[in-house]
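Shown next: target.txt, containing compact mmCIF, C-alpha atoms.
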```
# COMPACT_ATOMS: atom_id res chain seq x y z
CA MET A 656 -2.39 -34.81 11.92
CA THR A 657 0.58 -32.65 10.95
CA ILE A 658 1.09 -29.11 12.17
CA TYR A 659 0.21 -27.89 8.67
CA GLU A 660 -3.00 -29.91 8.50
CA SER A 661 -3.92 -28.44 11.89
CA LEU A 662 -3.26 -24.95 10.54
CA LYS A 663 -5.59 -25.57 7.61
CA GLN A 664 -8.27 -26.96 9.91
CA GLU A 665 -7.99 -24.08 12.38
CA TYR A 666 -8.47 -21.38 9.72
CA PRO A 667 -11.06 -22.71 7.25
CA ASP A 668 -11.79 -19.18 5.98
CA ILE A 669 -8.22 -18.77 4.72
CA LYS A 670 -7.15 -20.53 1.55
CA ILE A 671 -4.27 -22.79 2.63
CA LEU A 672 -2.63 -25.22 0.25
CA LEU A 673 -0.30 -28.01 1.40
CA LYS A 674 2.75 -29.10 -0.61
CA GLU A 675 1.79 -26.64 -3.35
CA PRO A 676 4.46 -26.15 -6.06
CA LEU A 677 5.52 -22.52 -6.06
CA ALA A 678 6.11 -22.86 -9.79
CA ASN A 679 2.38 -22.19 -9.99
CA PHE A 680 2.97 -18.66 -8.67
CA THR A 681 6.44 -17.49 -9.74
CA HIS A 682 7.01 -15.55 -12.96
CA THR A 683 9.79 -17.99 -13.91
CA LEU A 684 7.32 -20.90 -13.63
CA THR A 685 9.88 -22.65 -11.42
CA GLY A 686 10.08 -23.48 -7.72
CA GLY A 687 9.54 -26.40 -5.38
CA PRO A 688 6.67 -26.99 -2.95
CA ALA A 689 5.71 -24.96 0.09
CA ASP A 690 4.93 -26.99 3.22
CA ALA A 691 1.93 -24.71 3.69
CA LEU A 692 0.94 -21.87 1.39
CA ALA A 693 -1.60 -19.34 2.67
CA LEU A 694 -3.42 -16.67 0.67
CA PRO A 695 -5.02 -14.34 3.23
CA THR A 696 -7.58 -11.76 2.13
CA SER A 697 -7.16 -9.31 5.02
CA ILE A 698 -4.53 -7.91 7.34
CA ASN A 699 -6.35 -9.54 10.26
CA GLN A 700 -5.94 -12.95 8.61
CA CYS A 701 -2.27 -12.19 8.08
CA GLN A 702 -1.89 -11.53 11.80
CA GLU A 703 -3.74 -14.74 12.65
CA LEU A 704 -1.36 -16.73 10.45
CA LEU A 705 1.72 -15.09 11.93
CA GLN A 706 0.45 -15.73 15.46
CA TYR A 707 -0.10 -19.42 14.68
CA ALA A 708 3.37 -19.65 13.19
CA ASN A 709 4.93 -17.94 16.21
CA ASP A 710 3.02 -20.19 18.62
CA HIS A 711 4.23 -23.30 16.79
CA ASN A 712 7.80 -22.15 16.09
CA MET A 713 7.10 -22.27 12.36
CA PRO A 714 9.31 -20.30 9.94
CA VAL A 715 7.44 -17.74 7.83
CA THR A 716 8.23 -16.61 4.29
CA VAL A 717 6.27 -13.77 2.68
CA VAL A 718 5.88 -13.49 -1.08
CA GLY A 719 4.30 -10.75 -3.15
CA ASN A 720 3.73 -11.10 -6.87
CA ALA A 721 6.77 -13.43 -7.17
CA SER A 722 8.04 -11.49 -10.16
CA ASN A 723 11.65 -10.84 -9.06
CA LEU A 724 12.00 -14.13 -7.24
CA ILE A 725 13.60 -17.55 -7.63
CA VAL A 726 12.40 -20.34 -5.34
CA ARG A 727 14.86 -23.21 -5.21
CA ASP A 728 13.59 -26.61 -6.33
CA GLY A 729 13.56 -28.01 -2.79
CA GLY A 730 10.77 -25.57 -1.95
CA ILE A 731 10.10 -23.65 1.27
CA ARG A 732 9.77 -25.11 4.72
CA GLY A 733 7.24 -23.74 7.17
CA LEU A 734 4.50 -21.28 6.25
CA THR A 735 4.59 -19.27 3.04
CA ILE A 736 2.20 -16.32 2.81
CA ILE A 737 1.27 -14.76 -0.53
CA LEU A 738 -0.28 -11.32 -0.12
CA THR A 739 -1.75 -10.67 -3.57
CA LYS A 740 -5.34 -10.92 -2.28
CA ILE A 741 -4.72 -7.99 0.09
CA ASN A 742 -4.80 -5.37 -2.63
CA LYS A 743 -7.04 -2.37 -1.90
CA ILE A 744 -5.99 1.00 -3.41
CA THR A 745 -7.44 4.34 -2.26
CA ALA A 746 -6.70 7.90 -3.39
CA HIS A 747 -7.34 11.23 -1.69
CA GLU A 748 -6.01 14.53 -3.00
CA ASN A 749 -2.35 13.84 -3.85
CA ILE A 750 -2.05 10.72 -1.66
CA ILE A 751 -2.47 7.09 -2.71
CA ILE A 752 -2.56 4.32 -0.10
CA ALA A 753 -2.12 0.81 -1.47
CA GLU A 754 -2.15 -2.50 0.35
CA ALA A 755 0.89 -4.74 -0.03
CA GLY A 756 -0.62 -7.21 -2.46
CA ALA A 757 -1.78 -4.59 -4.93
CA ALA A 758 0.01 -4.69 -8.25
CA LEU A 759 2.35 -1.73 -8.64
CA ILE A 760 1.04 -1.33 -12.19
CA ASP A 761 -2.46 -0.86 -10.74
CA VAL A 762 -1.15 1.89 -8.48
CA THR A 763 0.19 3.74 -11.53
CA LYS A 764 -3.19 3.34 -13.23
CA ALA A 765 -4.95 4.71 -10.14
CA ALA A 766 -2.54 7.65 -10.10
CA GLN A 767 -3.25 8.40 -13.77
CA SER A 768 -7.01 8.21 -13.26
CA HIS A 769 -6.70 10.80 -10.48
CA SER A 770 -4.35 13.01 -12.55
CA LEU A 771 -1.43 12.34 -10.21
CA THR A 772 2.12 12.31 -11.57
CA GLY A 773 5.47 11.07 -10.28
CA ILE A 774 5.07 7.30 -10.43
CA GLU A 775 4.94 6.83 -14.20
CA PHE A 776 8.35 5.11 -14.09
CA ALA A 777 6.65 2.11 -12.42
CA ALA A 778 3.97 1.64 -15.10
CA GLY A 779 5.54 -1.59 -16.34
CA ILE A 780 7.08 -3.00 -13.14
CA PRO A 781 5.27 -6.33 -12.58
CA GLY A 782 5.75 -6.57 -8.82
CA SER A 783 3.44 -5.92 -5.89
CA VAL A 784 3.50 -2.86 -3.65
CA GLY A 785 5.01 -4.86 -0.80
CA GLY A 786 7.73 -6.26 -3.01
CA ALA A 787 8.41 -2.81 -4.46
CA ILE A 788 8.94 -1.38 -0.97
CA PHE A 789 11.01 -4.39 0.13
CA MET A 790 13.32 -4.06 -2.90
CA ASN A 791 13.04 -0.28 -3.48
CA ALA A 792 12.04 -1.16 -7.02
CA GLY A 793 12.89 1.21 -9.82
CA ALA A 794 13.04 1.75 -13.56
CA TYR A 795 13.85 4.45 -16.09
CA GLY A 796 15.44 6.82 -13.61
CA GLY A 797 12.82 6.50 -10.87
CA ASP A 798 12.78 4.53 -7.63
CA ILE A 799 10.00 3.80 -5.16
CA ASP A 800 11.72 5.88 -2.49
CA ASP A 801 11.10 8.94 -4.69
CA VAL A 802 7.36 8.71 -4.02
CA VAL A 803 6.83 6.72 -0.80
CA VAL A 804 6.33 8.66 2.42
CA GLY A 805 5.58 5.77 4.75
CA ALA A 806 4.48 2.17 5.19
CA GLU A 807 2.54 0.02 7.64
CA VAL A 808 4.47 -3.13 8.54
CA LEU A 809 3.91 -6.20 10.65
CA THR A 810 6.76 -6.95 13.03
CA PRO A 811 7.99 -10.49 13.79
CA ASP A 812 6.18 -10.29 17.16
CA ASN A 813 2.91 -9.48 15.34
CA ARG A 814 2.62 -5.74 16.00
CA ILE A 815 1.50 -3.31 13.30
CA ILE A 816 3.73 -0.23 13.24
CA HIS A 817 4.14 2.76 10.93
CA LEU A 818 7.51 3.52 9.40
CA ASP A 819 8.10 6.89 7.78
CA ARG A 820 10.37 7.35 4.80
CA THR A 821 13.43 7.96 7.01
CA GLN A 822 12.80 4.81 9.04
CA LEU A 823 12.47 2.77 5.86
CA ASP A 824 16.11 3.70 5.21
CA PHE A 825 15.96 3.13 1.46
CA GLY A 826 19.05 2.26 -0.54
CA TYR A 827 19.73 0.73 -3.92
CA ARG A 828 17.31 -2.24 -4.12
CA HIS A 829 17.15 -2.24 -0.34
CA CYS A 830 15.15 -0.97 2.63
CA SER A 831 15.10 -1.58 6.39
CA VAL A 832 12.22 -4.07 6.10
CA GLN A 833 14.72 -6.59 4.70
CA ASP A 834 16.97 -6.28 7.74
CA ASN A 835 14.22 -6.38 10.36
CA ASN A 836 12.21 -9.33 9.02
CA GLN A 837 9.09 -7.20 8.76
CA ILE A 838 6.07 -7.73 6.52
CA VAL A 839 4.89 -4.73 4.49
CA LEU A 840 1.10 -4.36 4.82
CA SER A 841 0.53 -1.10 2.95
CA ALA A 842 2.36 1.92 1.60
CA THR A 843 1.53 5.61 1.26
CA PHE A 844 2.58 7.43 -1.91
CA SER A 845 2.76 11.22 -2.20
CA LEU A 846 2.39 12.42 -5.78
CA ARG A 847 1.88 15.71 -7.63
CA THR A 848 -1.09 16.99 -9.56
CA GLY A 849 -0.63 16.52 -13.29
CA ILE A 850 -2.56 16.19 -16.54
CA ALA A 851 -4.14 12.77 -17.06
CA ASP A 852 -3.52 12.60 -20.83
CA LYS A 853 0.11 13.62 -20.44
CA ILE A 854 0.61 11.05 -17.67
CA GLN A 855 -0.93 8.32 -19.84
CA LYS A 856 1.30 9.23 -22.78
CA GLU A 857 4.41 8.93 -20.60
CA MET A 858 3.23 5.56 -19.25
CA ASN A 859 2.60 4.35 -22.80
CA ARG A 860 6.04 5.54 -23.90
CA LEU A 861 7.80 3.70 -21.10
CA ASN A 862 5.79 0.53 -21.65
CA GLN A 863 6.59 0.58 -25.36
CA LEU A 864 10.26 1.10 -24.54
CA ARG A 865 10.16 -1.81 -22.11
CA ALA A 866 8.44 -4.09 -24.63
CA SER A 867 10.99 -3.24 -27.31
CA LYS A 868 14.00 -4.00 -25.13
CA GLN A 869 12.91 -6.69 -22.67
CA PRO A 870 11.85 -10.32 -23.30
CA LEU A 871 8.34 -9.85 -21.93
CA GLU A 872 7.03 -12.66 -24.13
CA LEU A 873 8.92 -15.31 -22.09
CA PRO A 874 8.79 -16.29 -18.40
CA SER A 875 11.57 -14.59 -16.42
CA CYS A 876 12.40 -13.20 -13.00
CA GLY A 877 12.98 -9.71 -14.37
CA SER A 878 16.32 -8.02 -14.02
CA VAL A 879 18.65 -10.62 -12.49
CA PHE A 880 21.66 -8.55 -11.41
CA LYS A 881 22.21 -5.28 -9.60
CA ARG A 882 23.95 -2.51 -11.47
CA PRO A 883 27.67 -2.63 -10.59
CA LYS A 884 29.19 0.75 -9.80
CA GLY A 885 30.46 2.27 -13.01
CA TYR A 886 29.01 -0.45 -15.23
CA PHE A 887 25.78 -1.87 -16.61
CA ALA A 888 25.20 -5.56 -15.88
CA GLY A 889 23.53 -6.20 -19.24
CA LYS A 890 26.44 -4.71 -21.18
CA LEU A 891 29.01 -6.73 -19.22
CA ILE A 892 27.06 -9.92 -19.94
CA HIS A 893 26.65 -8.99 -23.61
CA ASP A 894 30.35 -8.13 -23.95
CA SER A 895 31.20 -11.50 -22.39
CA GLY A 896 29.45 -13.22 -25.28
CA LEU A 897 26.88 -14.82 -23.00
CA GLN A 898 23.63 -13.98 -24.77
CA GLY A 899 21.96 -17.23 -25.72
CA PHE A 900 23.99 -19.23 -23.16
CA GLN A 901 21.73 -21.96 -21.82
CA ILE A 902 21.67 -24.64 -19.15
CA GLY A 903 18.65 -26.90 -19.18
CA GLY A 904 15.69 -24.70 -19.99
CA ALA A 905 17.14 -21.43 -18.65
CA GLN A 906 18.77 -19.08 -21.14
CA VAL A 907 20.47 -15.68 -21.05
CA SER A 908 18.02 -13.68 -23.13
CA THR A 909 19.07 -12.90 -26.68
CA LYS A 910 16.92 -9.75 -26.46
CA HIS A 911 18.30 -8.29 -23.20
CA ALA A 912 21.40 -9.77 -21.58
CA GLY A 913 20.28 -8.74 -18.09
CA PHE A 914 17.40 -11.24 -18.21
CA ILE A 915 17.36 -15.02 -17.89
CA VAL A 916 14.34 -16.58 -19.53
CA ASN A 917 12.60 -19.92 -19.28
CA VAL A 918 12.68 -21.27 -22.82
CA ASP A 919 12.05 -24.98 -22.21
CA HIS A 920 10.60 -26.17 -18.89
CA ALA A 921 13.48 -24.76 -16.85
CA THR A 922 14.01 -25.60 -13.21
CA ALA A 923 15.17 -23.20 -10.53
CA THR A 924 18.43 -25.15 -10.49
CA ASP A 925 18.86 -24.35 -14.19
CA TYR A 926 18.41 -20.67 -13.37
CA LEU A 927 20.91 -20.76 -10.52
CA ASN A 928 23.48 -22.58 -12.64
CA VAL A 929 23.15 -19.98 -15.40
CA ILE A 930 23.53 -17.19 -12.83
CA LYS A 931 26.67 -18.81 -11.42
CA HIS A 932 28.17 -19.22 -14.91
CA VAL A 933 27.40 -15.62 -15.84
CA GLN A 934 28.96 -14.32 -12.60
CA GLN A 935 32.13 -16.37 -13.10
CA THR A 936 32.50 -15.47 -16.78
CA VAL A 937 32.01 -11.74 -16.21
CA PHE A 938 34.44 -11.80 -13.28
CA ASP A 939 37.08 -13.65 -15.32
CA LYS A 940 36.75 -11.17 -18.20
CA PHE A 941 36.23 -7.84 -16.38
CA THR A 942 37.07 -8.52 -12.69
CA VAL A 943 33.58 -7.31 -11.79
CA HIS A 944 31.38 -9.32 -9.43
CA LEU A 945 27.72 -9.25 -10.42
CA GLU A 946 25.46 -9.29 -7.37
CA THR A 947 22.00 -10.72 -7.81
CA GLU A 948 19.06 -8.35 -7.64
CA VAL A 949 16.58 -11.21 -7.87
CA ARG A 950 15.60 -12.60 -4.47
CA ILE A 951 16.60 -16.27 -4.13
CA ILE A 952 14.83 -18.26 -1.40
CA GLY A 953 13.99 -21.81 -0.40
CA GLU A 954 15.98 -25.01 -0.14
CA ALA A 955 18.06 -26.88 -2.67
CA PRO A 956 16.55 -30.16 -3.86
CA LYS A 957 17.63 -33.24 -1.99
CA THR A 958 20.26 -35.25 -3.80
CA LYS A 959 19.28 -38.80 -4.62
```
How would this structure read if it were set down as structure tokens?
Amino acid sequence: MTIYESLKQEYPDIKILLKEPLANFTHTLTGGPADALALPTSINQCQELLQYANDHNMPVTVVGNASNLIVRDGGIRGLTIILTKINKITAHENIIIAEAGAALIDVTKAAQSHSLTGIEFAAGIPGSVGGAIFMNAGAYGGDIDDVVVGAEVLTPDNRIIHLDRTQLDFGYRHCSVQDNNQIVLSATFSLRTGIADKIQKEMNRLNQLRASKQPLELPSCGSVFKRPKGYFAGKLIHDSGLQGFQIGGAQVSTKHAGFIVNVDHATATDYLNVIKHVQQTVFDKFTVHLETEVRIIGEAPKTK
């Protein structure tokens, strides 16, 4: 019996899949298999999984909604934990507490239903709360660090600690959780009292704007590149004549140059090759290096 079969046997109450293609979970519909993929439904189960992994020297990878993520075609070794089933959202006065697996869009809906304003910018961001904290997600002039006052995280040695906004040390698409290999369990948002109808109208406006400009009708990993200082990544790509450029089934979107879409059974390798070509072409033309915003994880496929 393998270590992963033993894991599955030891925790029958946790859904654990072996050799599961991560293409079944990523928004690009690409990605190789996870040795073991766990979908816990509670923070306690998450701790149990981490303890098992620590006891057996097993690497751990945590995934949220897999919306701004590319998993290489070789897949992920060790234990992969997807948190989307840990998703409770509660509201009290001007505070919303959301577990890591909750969809960020659902947090904005909860805010609107409680007449709380300040997080409308996130109404169309498809990620999870944990991923949004991890990446300091943002859109339309707002970032998560504008509204987050703290988070509960699980440390690599399996302790739950609270980090306030200062300790989270937010930056552009970055926070301290990335550096410290911590797992976000929940986040606390501080919002302002507003008018529900007005909040809904703003959310509708931003979602309509997003739909008109972004290729939401096709699988993608969202915005691929960070914004270079003094430039816009999409404009640089557009001005390089790269819209419509395609390798395999991955294509630079003809609707928004900052997106790479899966138009024909793309692989993660297709995506990575398009990214590399875009980076080289933009650098050759403008001497600007485009850094990836999308998180790229996993192993390259084995060469035959």
Proximity to Lys764 (chain A) - best of A:Lys957, A:Ala851, A:Ile658, A:Ala794, only C-alpha atoms: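 Among the listed residues, A:Ala851 lies closest to Lys764 (chain A).
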Using all atoms listed in the file, can you tell me which of A:Thr685, A:Thr657, A:Ser770, A:Thr924 comes closest to Ala746 (chain A)?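 Answer, going by the shortest atom-to-atom distance: A:Ser770.
Counting from CA of Asn835 (chain A), the distance to CA of Leu684 (chain A) is 28.9 Å.
Closest to Gly793 (chain A) among A:Ile774, A:Ile892, A:Val718, A:Val879 is A:Ile774, based on all atoms listed in the file.
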Could you pull the residues within 7 Å of region 857-869 of chain A, counting all atoms listed in the file, minus those fewer than 2 positions along the same chain, as a list in words?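 Listing them by chain and then by number gives Glu775, Ala778, Gly779, Lys853, Ile854, Gln855, Leu871, Lys910 and His911 of chain A.
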Dump C-alpha atoms for the selected residues as a PDB file, in the coordinates of the input?
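This is the output file selection34.pdb:
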```
ATOM      1  CA  GLU A 775       4.940   6.830 -14.200  1.00  0.00           C
ATOM      2  CA  ALA A 778       3.970   1.640 -15.100  1.00  0.00           C
ATOM      3  CA  GLY A 779       5.540  -1.590 -16.340  1.00  0.00           C
ATOM      4  CA  LYS A 853       0.110  13.620 -20.440  1.00  0.00           C
ATOM      5  CA  ILE A 854       0.610  11.050 -17.670  1.00  0.00           C
ATOM      6  CA  GLN A 855      -0.930   8.320 -19.840  1.00  0.00           C
ATOM      7  CA  LEU A 871       8.340  -9.850 -21.930  1.00  0.00           C
ATOM      8  CA  LYS A 910      16.920  -9.750 -26.460  1.00  0.00           C
ATOM      9  CA  HIS A 911      18.300  -8.290 -23.200  1.00  0.00           C
TER      10      HIS A 911
END
```
Counting all atoms listed in the file, which residue out of A:Gly896, A:Gly953, A:Gly805, A:Pro688 sits closest to Ser845 (chain A)?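 Residue with the minimum atom-to-atom distance to Ser845 (chain A): A:Gly805.
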With all atoms listed in the file as the basis for distance, which of A:His817, A:Arg882, A:Lys663, A:His893 is at the shortest distance from Val933 (chain A)? A:His893
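Closest approach to Tyr926 (chain A) from the set A:Leu945, A:Leu692, A:Met656, A:Leu724 is made by A:Leu724, with distances taken over all atoms listed in the file.
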